[in-house]
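Next comes data-v3.txt, a file with compact mmCIF, C-alpha atoms and all ligand atoms.
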```
# COMPACT_ATOMS: atom_id res chain seq x y z
CA MET A 901 -12.59 16.30 17.03
CA LEU A 902 -13.03 12.84 15.51
CA GLY A 903 -11.43 12.02 12.17
CA ILE A 904 -12.66 9.07 10.11
CA ILE A 905 -10.36 7.64 7.46
CA GLY A 906 -12.32 5.67 4.89
CA GLY A 907 -10.85 3.10 2.55
CA THR A 908 -12.04 0.81 -0.22
CA GLY A 909 -15.79 1.07 -0.66
CA LEU A 910 -15.95 4.02 1.71
CA ALA A 911 -14.74 6.97 -0.26
CA GLU A 912 -17.77 9.16 0.48
CA PRO A 913 -19.93 9.47 3.60
CA ASN A 914 -22.79 10.31 1.19
CA GLN A 915 -22.86 6.56 0.71
CA PHE A 916 -23.41 6.17 4.49
CA GLY A 917 -26.78 7.89 4.27
CA TRP A 918 -25.50 10.71 6.51
CA GLY A 919 -27.10 14.02 5.63
CA GLY A 920 -24.75 16.43 7.30
CA LEU A 921 -22.05 17.47 4.85
CA GLU A 922 -20.93 20.99 5.82
CA ARG A 923 -18.03 21.67 3.48
CA GLN A 924 -14.96 20.32 1.74
CA GLN A 925 -11.53 21.77 2.46
CA ARG A 926 -8.31 21.39 0.55
CA VAL A 927 -5.28 21.42 2.84
CA GLU A 928 -1.73 22.18 1.75
CA THR A 929 0.85 20.03 3.50
CA PRO A 930 4.65 20.11 3.61
CA PHE A 931 4.93 16.56 2.31
CA GLY A 932 5.98 16.17 -1.29
CA ASN A 933 5.11 18.07 -4.39
CA ASP A 934 3.04 15.59 -6.37
CA HIS A 935 -0.74 15.78 -6.57
CA ASN A 936 -0.89 13.93 -3.27
CA ASP A 937 0.76 16.68 -1.25
CA LYS A 938 -2.63 18.37 -0.92
CA VAL A 939 -5.33 16.61 1.00
CA THR A 940 -9.06 17.12 0.63
CA VAL A 941 -11.15 16.52 3.73
CA GLU A 942 -14.85 16.88 4.38
CA TYR A 943 -16.46 18.39 7.47
CA TRP A 944 -19.59 16.49 8.46
CA ARG A 945 -22.09 17.10 11.26
CA VAL A 946 -23.44 13.86 12.67
CA ASP A 947 -25.44 13.67 15.91
CA SER A 948 -24.82 17.44 16.12
CA LYS A 949 -21.06 16.85 16.32
CA GLU A 950 -18.61 18.09 13.77
CA LEU A 951 -16.18 15.50 12.42
CA LEU A 952 -13.67 15.22 9.63
CA PHE A 953 -13.78 12.59 6.92
CA LEU A 954 -10.73 11.76 4.84
CA PRO A 955 -10.83 9.11 2.10
CA ARG A 956 -7.31 7.68 2.11
CA HIS A 957 -7.42 6.75 -1.59
CA GLY A 958 -8.87 10.17 -2.53
CA PHE A 959 -12.49 11.01 -3.28
CA LYS A 960 -12.34 9.18 -6.60
CA HIS A 961 -10.53 6.19 -5.13
CA SER A 962 -7.65 7.02 -7.46
CA THR A 963 -4.55 6.60 -5.26
CA PRO A 964 -3.25 3.03 -4.82
CA PRO A 965 -2.11 1.92 -1.33
CA HIS A 966 1.64 2.26 -1.97
CA ARG A 967 1.23 5.81 -3.34
CA ILE A 968 -0.96 7.21 -0.58
CA ASN A 969 0.74 10.17 1.05
CA TYR A 970 0.22 8.90 4.60
CA ARG A 971 2.25 11.70 6.13
CA ALA A 972 0.18 14.36 4.37
CA ASN A 973 -3.08 12.70 5.49
CA ILE A 974 -2.10 12.42 9.15
CA TRP A 975 -0.47 15.86 9.20
CA ALA A 976 -3.68 17.39 7.75
CA LEU A 977 -5.91 15.72 10.35
CA LYS A 978 -3.62 16.74 13.20
CA ASN A 979 -3.39 20.32 12.00
CA LEU A 980 -7.16 20.63 11.59
CA GLY A 981 -7.68 19.73 15.23
CA VAL A 982 -8.42 16.00 15.11
CA THR A 983 -7.53 14.14 18.32
CA LYS A 984 -8.97 10.66 17.61
CA ILE A 985 -8.97 8.67 14.39
CA ILE A 986 -11.17 5.73 13.49
CA ALA A 987 -9.67 4.08 10.42
CA VAL A 988 -11.86 1.80 8.33
CA ASN A 989 -9.95 -0.83 6.31
CA ALA A 990 -11.05 -3.53 3.87
CA VAL A 991 -8.99 -6.68 4.47
CA GLY A 992 -8.54 -10.28 3.42
CA GLY A 993 -9.24 -12.99 5.99
CA ILE A 994 -6.22 -15.18 6.80
CA THR A 995 -7.79 -17.12 9.68
CA SER A 996 -10.31 -19.38 7.97
CA THR A 997 -13.12 -18.45 10.39
CA LEU A 998 -12.85 -14.82 9.26
CA LYS A 999 -15.19 -15.08 6.29
CA PRO A 1000 -16.14 -12.15 4.05
CA GLY A 1001 -18.56 -9.97 5.99
CA SER A 1002 -16.74 -10.45 9.33
CA PHE A 1003 -15.58 -7.40 11.29
CA VAL A 1004 -12.32 -7.28 13.22
CA VAL A 1005 -10.98 -4.63 15.60
CA PRO A 1006 -7.28 -5.53 15.57
CA ASP A 1007 -5.06 -5.09 18.61
CA GLN A 1008 -1.77 -5.83 16.88
CA LEU A 1009 -0.11 -5.42 13.51
CA ILE A 1010 2.96 -6.48 11.59
CA ASP A 1011 4.34 -4.15 8.96
CA TYR A 1012 5.55 -5.89 5.76
CA THR A 1013 5.63 -2.73 3.66
CA SER A 1014 8.72 -1.28 2.05
CA ASP A 1015 9.61 1.99 0.40
CA ARG A 1016 6.93 4.11 2.04
CA GLU A 1017 7.56 7.49 3.63
CA MET A 1018 6.82 6.29 7.12
CA THR A 1019 7.92 8.81 9.71
CA PHE A 1020 7.75 12.45 10.73
CA PHE A 1021 10.95 11.84 12.72
CA ASP A 1022 13.36 11.58 9.82
CA GLY A 1023 16.13 13.58 11.43
CA LEU A 1024 15.94 16.12 8.60
CA THR A 1025 12.86 18.12 9.48
CA SER A 1026 12.67 17.01 13.10
CA SER A 1027 14.75 15.57 15.88
CA VAL A 1028 15.48 11.87 16.33
CA SER A 1029 12.73 10.18 18.29
CA HIS A 1030 11.40 6.66 18.89
CA ILE A 1031 7.77 6.13 19.78
CA ASP A 1032 6.55 3.30 21.97
CA PHE A 1033 4.45 1.15 19.64
CA SER A 1034 4.04 -2.05 21.67
CA LYS A 1035 0.28 -1.54 21.48
CA PRO A 1036 -0.26 0.07 18.09
CA TYR A 1037 -3.96 0.84 18.59
CA THR A 1038 -5.56 2.99 21.30
CA GLU A 1039 -7.35 0.66 23.72
CA SER A 1040 -10.16 3.06 24.69
CA LEU A 1041 -11.00 3.72 21.05
CA ARG A 1042 -10.92 -0.02 20.29
CA ALA A 1043 -13.31 -0.63 23.17
CA LEU A 1044 -15.65 2.05 21.83
CA ILE A 1045 -15.75 0.46 18.36
CA ILE A 1046 -16.19 -3.09 19.72
CA LYS A 1047 -19.10 -2.01 21.93
CA ALA A 1048 -20.71 0.02 19.14
CA ALA A 1049 -20.46 -2.82 16.60
CA GLY A 1050 -21.92 -5.26 19.14
CA ASP A 1051 -24.80 -2.89 19.91
CA VAL A 1052 -25.60 -2.43 16.21
CA ALA A 1053 -25.51 -6.18 15.59
CA SER A 1054 -27.87 -6.93 18.47
CA ARG A 1055 -30.16 -3.97 17.65
CA ASN A 1056 -30.53 -5.21 14.07
CA GLY A 1057 -30.72 -8.84 15.09
CA SER A 1058 -27.97 -9.32 12.53
CA LYS A 1059 -25.44 -12.07 12.68
CA GLU A 1060 -22.30 -10.17 11.76
CA SER A 1061 -19.29 -11.76 13.33
CA ILE A 1062 -17.40 -9.13 15.32
CA VAL A 1063 -13.98 -10.18 16.51
CA ASP A 1064 -12.50 -8.00 19.24
CA HIS A 1065 -8.81 -8.66 18.60
CA GLY A 1066 -6.48 -9.79 15.84
CA CYS A 1067 -3.21 -9.10 14.13
CA TYR A 1068 -3.28 -7.03 10.94
CA ALA A 1069 -0.58 -7.80 8.36
CA CYS A 1070 0.16 -4.77 6.21
CA THR A 1071 1.58 -5.75 2.82
CA GLN A 1072 3.06 -3.45 0.19
CA GLY A 1073 0.68 -4.19 -2.70
CA PRO A 1074 -0.75 -3.25 -5.03
CA ARG A 1075 -0.71 -6.90 -6.05
CA LEU A 1076 -2.41 -9.40 -3.81
CA GLU A 1077 -0.26 -11.99 -2.03
CA THR A 1078 0.80 -15.46 -3.08
CA ALA A 1079 -0.64 -18.41 -1.17
CA ALA A 1080 2.85 -19.04 0.28
CA GLU A 1081 3.08 -15.46 1.52
CA ILE A 1082 -0.27 -15.82 3.26
CA LYS A 1083 0.93 -19.07 4.89
CA ARG A 1084 3.94 -17.19 6.19
CA LEU A 1085 1.76 -14.37 7.54
CA ALA A 1086 -0.43 -16.97 9.27
CA ALA A 1087 2.69 -18.57 10.79
CA ASP A 1088 3.71 -15.09 11.98
CA GLY A 1089 0.41 -14.87 13.86
CA CYS A 1090 -1.50 -12.59 11.49
CA ASN A 1091 -5.27 -12.96 11.14
CA ILE A 1092 -6.12 -10.37 8.50
CA VAL A 1093 -4.21 -8.76 5.64
CA GLY A 1094 -4.50 -5.33 4.05
CA MET A 1095 -2.31 -2.76 2.33
CA THR A 1096 -3.13 0.49 4.10
CA GLY A 1097 -2.80 0.01 7.86
CA MET A 1098 0.81 1.19 7.90
CA PRO A 1099 2.41 3.65 8.22
CA GLU A 1100 -0.93 5.30 9.00
CA ALA A 1101 -1.07 3.86 12.53
CA SER A 1102 2.52 4.71 13.49
CA LEU A 1103 2.33 8.22 12.03
CA ALA A 1104 -0.78 8.83 14.14
CA ARG A 1105 1.16 7.67 17.22
CA GLU A 1106 4.11 9.92 16.31
CA VAL A 1107 1.86 12.98 16.50
CA GLU A 1108 0.02 11.66 19.57
CA LEU A 1109 -3.33 11.01 17.95
CA GLU A 1110 -5.54 8.26 19.32
CA TYR A 1111 -6.05 5.70 16.57
CA ALA A 1112 -7.99 2.46 16.13
CA CYS A 1113 -9.10 0.39 13.17
CA LEU A 1114 -12.39 -1.16 12.15
CA ALA A 1115 -11.43 -3.80 9.59
CA PHE A 1116 -13.98 -5.65 7.50
CA VAL A 1117 -13.23 -8.82 5.60
CA VAL A 1118 -13.99 -8.60 1.88
CA ASN A 1119 -12.30 -11.81 0.68
CA LEU A 1120 -10.55 -14.92 1.88
CA ALA A 1121 -6.82 -14.27 1.61
CA ALA A 1122 -4.85 -15.98 -1.18
CA GLY A 1123 -4.87 -19.75 -0.84
CA VAL A 1124 -7.32 -19.72 2.10
CA GLY A 1125 -10.20 -20.24 -0.31
CA SER A 1126 -9.92 -22.40 -3.39
CA LEU A 1127 -10.93 -19.68 -5.86
CA PRO A 1128 -8.91 -16.77 -7.24
CA ILE A 1129 -9.72 -13.40 -5.65
CA LYS A 1130 -11.95 -11.30 -7.91
CA LEU A 1131 -11.87 -7.53 -7.48
CA ALA A 1132 -15.54 -7.22 -8.39
CA GLU A 1133 -16.42 -9.51 -5.48
CA VAL A 1134 -14.23 -7.45 -3.14
CA PHE A 1135 -16.11 -4.27 -4.11
CA ASP A 1136 -19.49 -6.03 -3.84
CA LYS A 1137 -18.64 -7.18 -0.34
CA ALA A 1138 -17.50 -3.68 0.62
CA ASP A 1139 -20.87 -2.38 -0.62
CA SER A 1140 -22.78 -4.89 1.45
CA CYS A 1141 -20.78 -4.05 4.62
CA ARG A 1142 -21.30 -0.30 4.27
CA ALA A 1143 -24.61 0.04 6.14
CA PHE A 1144 -23.24 -1.83 9.17
CA ILE A 1145 -20.07 0.28 9.18
CA ALA A 1146 -22.07 3.51 8.90
CA GLU A 1147 -24.30 2.51 11.81
CA THR A 1148 -21.32 1.45 13.91
CA LEU A 1149 -19.61 4.78 13.26
CA GLU A 1150 -22.79 6.66 14.17
CA VAL A 1151 -22.97 4.86 17.51
CA CYS A 1152 -19.28 5.66 18.12
CA ILE A 1153 -19.92 9.32 17.33
CA SER A 1154 -22.94 9.44 19.65
CA LYS A 1155 -20.78 8.19 22.54
CA LEU A 1156 -17.93 10.65 21.99
CA HIS A 1157 -17.98 14.02 23.68
CA PHE A 1158 -16.20 16.89 22.02
N1 LIG A 1201 -4.68 -8.80 0.64
C1 LIG A 1201 -4.20 -7.55 0.82
N2 LIG A 1201 -5.01 -6.49 0.92
C2 LIG A 1201 -6.33 -6.69 0.87
C3 LIG A 1201 -6.88 -7.97 0.66
C4 LIG A 1201 -6.01 -9.08 0.55
O1 LIG A 1201 -6.42 -10.24 0.38
N3 LIG A 1201 -8.23 -7.81 0.64
C5 LIG A 1201 -8.48 -6.47 0.83
N4 LIG A 1201 -7.33 -5.80 0.96
```

Show me the file's structure as C-alpha cells.
Ligand code: HPA
Amino acid sequence: MLGIIGGTGLAEPNQFGWGGLERQQRVETPFGNDHNDKVTVEYWRVDSKELLFLPRHGFKHSTPPHRINYRANIWALKNLGVTKIIAVNAVGGITSTLKPGSFVVPDQLIDYTSDREMTFFDGLTSSVSHIDFSKPYTESLRALIIKAAGDVASRNGSKESIVDHGCYACTQGPRLETAAEIKRLAADGCNIVGMTGMPEASLAREVELEYACLAFVVNLAAGVGSLPIKLAEVFDKADSCRAFIAETLEVCISKLHF
C-alpha cells in the first residue's frame, strides 16, 4: 500500500479535491507518552486503490517540526501495511534558480538536526544495526514522481519548473535560518532547505520502506532574496502549489499496482 505524508499546506487530502475518504484511524504506537504517541491516519480510495494519508504536523497542523514524533509516524505506516511512502515537503530555495513554485525531487540530503529521536535501532528496544544510506531516497519511486510531475506539467501546458535531483538540507527549526547559515548550506552543496525531511527518511529506510520526496519551494531561503521571509507568503505559495501536487500524486497512484 502507498502512504502519503503531507506537510505544510497539505494537512488534508480534502483540499486535493479527492472524493474518496473511507475512514480515519487512530493508531497507538510504542513511542513516547505525550499526545504525539498516537497517530491519526486516513484511508483514502483514489483510482480504486486504497492508500494511507498521514499529515506529519497533525490534522490541525499543530505539531512543529522538532516535536513531530517521526518514529511513531513511520512505525504506524509500517504496521498498517504501507510499503512505499511519498513524502511531500515545503522547502526554501537555496539555489537562486529554485524560485517559489518550483518542484524538486531530491536525490541527496544532509541532516543538520539535533535532539530528535532518530532511530529504531537504539540498542535498548532493538539490536545494534547500521543501515546503508548512501542513497537516501528510493530511485524507482523518485523516477515515478519525476515522470508524473512532468506529465502533469505538459498535460496542463503549465510552466512549473521540475528539477529531478537536488540536495535537501534538514535544519532543526522552528526558526528559519540566518543568511550565513544558508551560505554555509550552499557551500555544503545543498539546494533546498526544510525542517522535516529527517529523521523521516532514515527511519523509513530502517524499516525497509521505499521512500521518496516531492519538495516544493515556498520561499527563497534566508539571504537569497532581499526581503524577509513572511509566513503568510509561505502559506499562500503552498496553497497555489496544491493543485499541481494533487494531480502529480494522482498520476503516481494510477501507475502503482497494489
Ligand atoms: N527554511 C527551513 N524550512 C523551510 C523553509 C526555509 O526557508 N521554507 C519552508 N520550510

Each residue of chain A lying at most 7 Å from ligand LIG 1201 (chain A) should get a row with its shortest atom-to-atom pair and the distance in Å to one decimal, counting all atoms listed in the file; could you produce that, ordered by chain and increasing number, as a Markdown table?
```
| residue | atom | partner | partner_atom | distance |
| --- | --- | --- | --- | --- |
| A:Ala990 | CA | A:LIG1201 | C5 | 4.9 |
| A:Val991 | CA | A:LIG1201 | C5 | 3.7 |
| A:Gly992 | CA | A:LIG1201 | O1 | 3.7 |
| A:Gly993 | CA | A:LIG1201 | O1 | 6.9 |
| A:Thr1071 | CA | A:LIG1201 | C1 | 6.4 |
| A:Gly1073 | CA | A:LIG1201 | C1 | 6.9 |
| A:Leu1076 | CA | A:LIG1201 | N1 | 5.0 |
| A:Glu1077 | CA | A:LIG1201 | N1 | 6.1 |
| A:Val1093 | CA | A:LIG1201 | C1 | 5.0 |
| A:Gly1094 | CA | A:LIG1201 | N2 | 3.4 |
| A:Met1095 | CA | A:LIG1201 | N2 | 4.8 |
| A:Val1118 | CA | A:LIG1201 | N3 | 5.9 |
| A:Asn1119 | CA | A:LIG1201 | N3 | 5.7 |
| A:Leu1120 | CA | A:LIG1201 | O1 | 6.4 |
| A:Ala1121 | CA | A:LIG1201 | O1 | 4.2 |
| A:Ala1122 | CA | A:LIG1201 | O1 | 6.2 |
```

If you count all atoms listed in the file, which residues fall within 12 Å of Ile994 of chain A, apart from same-chain ones fewer than 6 positions away, as a short mmCIF file (atom, residue, chain, number, x, y, z; two decimals) with C-alpha atoms, in the frame of the given file?
```cif
data_model
loop_
_atom_site.label_atom_id
_atom_site.label_comp_id
_atom_site.auth_asym_id
_atom_site.auth_seq_id
_atom_site.Cartn_x
_atom_site.Cartn_y
_atom_site.Cartn_z
CA PRO A 1000 -16.14 -12.15 4.05
CA SER A 1002 -16.74 -10.45 9.33
CA VAL A 1004 -12.32 -7.28 13.22
CA GLY A 1066 -6.48 -9.79 15.84
CA CYS A 1067 -3.21 -9.10 14.13
CA TYR A 1068 -3.28 -7.03 10.94
CA ALA A 1069 -0.58 -7.80 8.36
CA GLU A 1077 -0.26 -11.99 -2.03
CA ALA A 1079 -0.64 -18.41 -1.17
CA ALA A 1080 2.85 -19.04 0.28
CA GLU A 1081 3.08 -15.46 1.52
CA ILE A 1082 -0.27 -15.82 3.26
CA LYS A 1083 0.93 -19.07 4.89
CA ARG A 1084 3.94 -17.19 6.19
CA LEU A 1085 1.76 -14.37 7.54
CA ALA A 1086 -0.43 -16.97 9.27
CA ALA A 1087 2.69 -18.57 10.79
CA ASP A 1088 3.71 -15.09 11.98
CA GLY A 1089 0.41 -14.87 13.86
CA CYS A 1090 -1.50 -12.59 11.49
CA ASN A 1091 -5.27 -12.96 11.14
CA ILE A 1092 -6.12 -10.37 8.50
CA VAL A 1093 -4.21 -8.76 5.64
CA GLY A 1094 -4.50 -5.33 4.05
CA VAL A 1117 -13.23 -8.82 5.60
CA VAL A 1118 -13.99 -8.60 1.88
CA ASN A 1119 -12.30 -11.81 0.68
CA LEU A 1120 -10.55 -14.92 1.88
CA ALA A 1121 -6.82 -14.27 1.61
CA ALA A 1122 -4.85 -15.98 -1.18
CA GLY A 1123 -4.87 -19.75 -0.84
CA VAL A 1124 -7.32 -19.72 2.10
CA GLY A 1125 -10.20 -20.24 -0.31
#
```

Closest atom pairs, residues of segment 1062-1106 of chain A within 10 Å of segment 960-970 of chain A, only C-alpha atoms, as JSON lines:
```
{"residue": "A:Thr1071", "atom": "CA", "partner": "A:His966", "partner_atom": "CA", "distance": 9.3}
{"residue": "A:Gln1072", "atom": "CA", "partner": "A:His966", "partner_atom": "CA", "distance": 6.3}
{"residue": "A:Gly1073", "atom": "CA", "partner": "A:His966", "partner_atom": "CA", "distance": 6.6}
{"residue": "A:Pro1074", "atom": "CA", "partner": "A:Pro965", "partner_atom": "CA", "distance": 6.5}
{"residue": "A:Gly1094", "atom": "CA", "partner": "A:Pro965", "partner_atom": "CA", "distance": 9.3}
{"residue": "A:Met1095", "atom": "CA", "partner": "A:Pro965", "partner_atom": "CA", "distance": 5.9}
{"residue": "A:Thr1096", "atom": "CA", "partner": "A:Pro965", "partner_atom": "CA", "distance": 5.7}
{"residue": "A:Gly1097", "atom": "CA", "partner": "A:Pro965", "partner_atom": "CA", "distance": 9.4}
{"residue": "A:Met1098", "atom": "CA", "partner": "A:Tyr970", "partner_atom": "CA", "distance": 8.4}
{"residue": "A:Pro1099", "atom": "CA", "partner": "A:Tyr970", "partner_atom": "CA", "distance": 6.7}
{"residue": "A:Glu1100", "atom": "CA", "partner": "A:Tyr970", "partner_atom": "CA", "distance": 5.8}
{"residue": "A:Ala1101", "atom": "CA", "partner": "A:Tyr970", "partner_atom": "CA", "distance": 9.5}
{"residue": "A:Leu1103", "atom": "CA", "partner": "A:Tyr970", "partner_atom": "CA", "distance": 7.8}
{"residue": "A:Ala1104", "atom": "CA", "partner": "A:Tyr970", "partner_atom": "CA", "distance": 9.6}
```

All residues 9 Å or closer to Trp918 of chain A, all atoms listed in the file, same chain fewer than 2 positions away omitted, as a PyMOL selection string = chain A and resi 913-916+920-921+944-946+1146

Rounded to one decimal in Å, what is the spacing between atom CA of Ala1132 of chain A and atom CA of Gly906 of chain A?
-> 18.8 Å

Segment 985-989 of chain A surroundings by all atoms listed in the file, 9 Å radius, close-in-sequence under 4 positions cut, as a compact mmCIF listing (two decimals) with C-alpha atoms, in the frame of the given file:
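Output contents, as saved in around.txt:
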```txt
# COMPACT_ATOMS: atom_id res chain seq x y z
CA MET A 901 -12.59 16.30 17.03
CA LEU A 902 -13.03 12.84 15.51
CA GLY A 903 -11.43 12.02 12.17
CA ILE A 904 -12.66 9.07 10.11
CA ILE A 905 -10.36 7.64 7.46
CA GLY A 906 -12.32 5.67 4.89
CA GLY A 907 -10.85 3.10 2.55
CA THR A 908 -12.04 0.81 -0.22
CA LEU A 910 -15.95 4.02 1.71
CA LEU A 977 -5.91 15.72 10.35
CA LEU A 1041 -11.00 3.72 21.05
CA ARG A 1042 -10.92 -0.02 20.29
CA ILE A 1045 -15.75 0.46 18.36
CA GLY A 1094 -4.50 -5.33 4.05
CA MET A 1095 -2.31 -2.76 2.33
CA THR A 1096 -3.13 0.49 4.10
CA GLY A 1097 -2.80 0.01 7.86
CA GLU A 1100 -0.93 5.30 9.00
CA ALA A 1101 -1.07 3.86 12.53
CA ALA A 1104 -0.78 8.83 14.14
CA LEU A 1109 -3.33 11.01 17.95
CA GLU A 1110 -5.54 8.26 19.32
CA TYR A 1111 -6.05 5.70 16.57
CA ALA A 1112 -7.99 2.46 16.13
CA CYS A 1113 -9.10 0.39 13.17
CA LEU A 1114 -12.39 -1.16 12.15
CA ALA A 1115 -11.43 -3.80 9.59
CA PHE A 1116 -13.98 -5.65 7.50
CA VAL A 1117 -13.23 -8.82 5.60
CA ILE A 1145 -20.07 0.28 9.18
CA LEU A 1149 -19.61 4.78 13.26
```

Given only C-alpha atoms as the counted atoms, nearest of A:Ala976, A:Val1028, A:Ala911, A:Leu1044 to Glu928 of chain A |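 Among A:Ala976, A:Val1028, A:Ala911, A:Leu1044, it is A:Ala976 that comes nearest to Glu928 of chain A.
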
Distance of atom CA of Thr1013 of chain A from atom CA of Cys1070 of chain A, expressed in Å to one decimal place = 6.4 Å

I'd like the neighbourhood of Val941 of chain A as a CSV table (one decimal) with C-alpha atoms, keeping the file's coordinate frame, where a residue qualifies if any of its atoms comes within 7 Å (using only C-alpha atoms), though same-chain residues fewer than 5 positions away should be ignored.
```csv
chain,number,residue,atom,x,y,z
A,924,GLN,CA,-15.0,20.3,1.7
A,925,GLN,CA,-11.5,21.8,2.5
A,926,ARG,CA,-8.3,21.4,0.6
A,952,LEU,CA,-13.7,15.2,9.6
A,953,PHE,CA,-13.8,12.6,6.9
A,954,LEU,CA,-10.7,11.8,4.8
```

Correct to one decimal, the distance atom CA of Ile1062 of chain A-atom CA of Ala1049 of chain A is 7.1 Å

7 Å contact set for His1065 of chain A, only C-alpha atoms, chain neighbours under 2 positions out, as number ranges by chain = A: 1004-1007, 1063

Selected residue of minimal separation from Phe1158 of chain A among A:Ser948, A:Ser1014, A:Gln1008, A:Thr940, counting only C-alpha atoms =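 Answer, going by the shortest atom-to-atom distance: A:Ser948.
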
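Residue nearest Phe1021 of chain A, chosen from A:Cys1141, A:Val982, A:Ala1048, A:Val1107 and counting all atoms listed in the file: A:Val1107.
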
Nearest residue to Asp1139 of chain A from the set A:Trp975, A:Asp947, A:Ser1034, A:Gly1001 (distances using all atoms listed in the file) =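 Smallest distance to Asp1139 of chain A is found for A:Gly1001.
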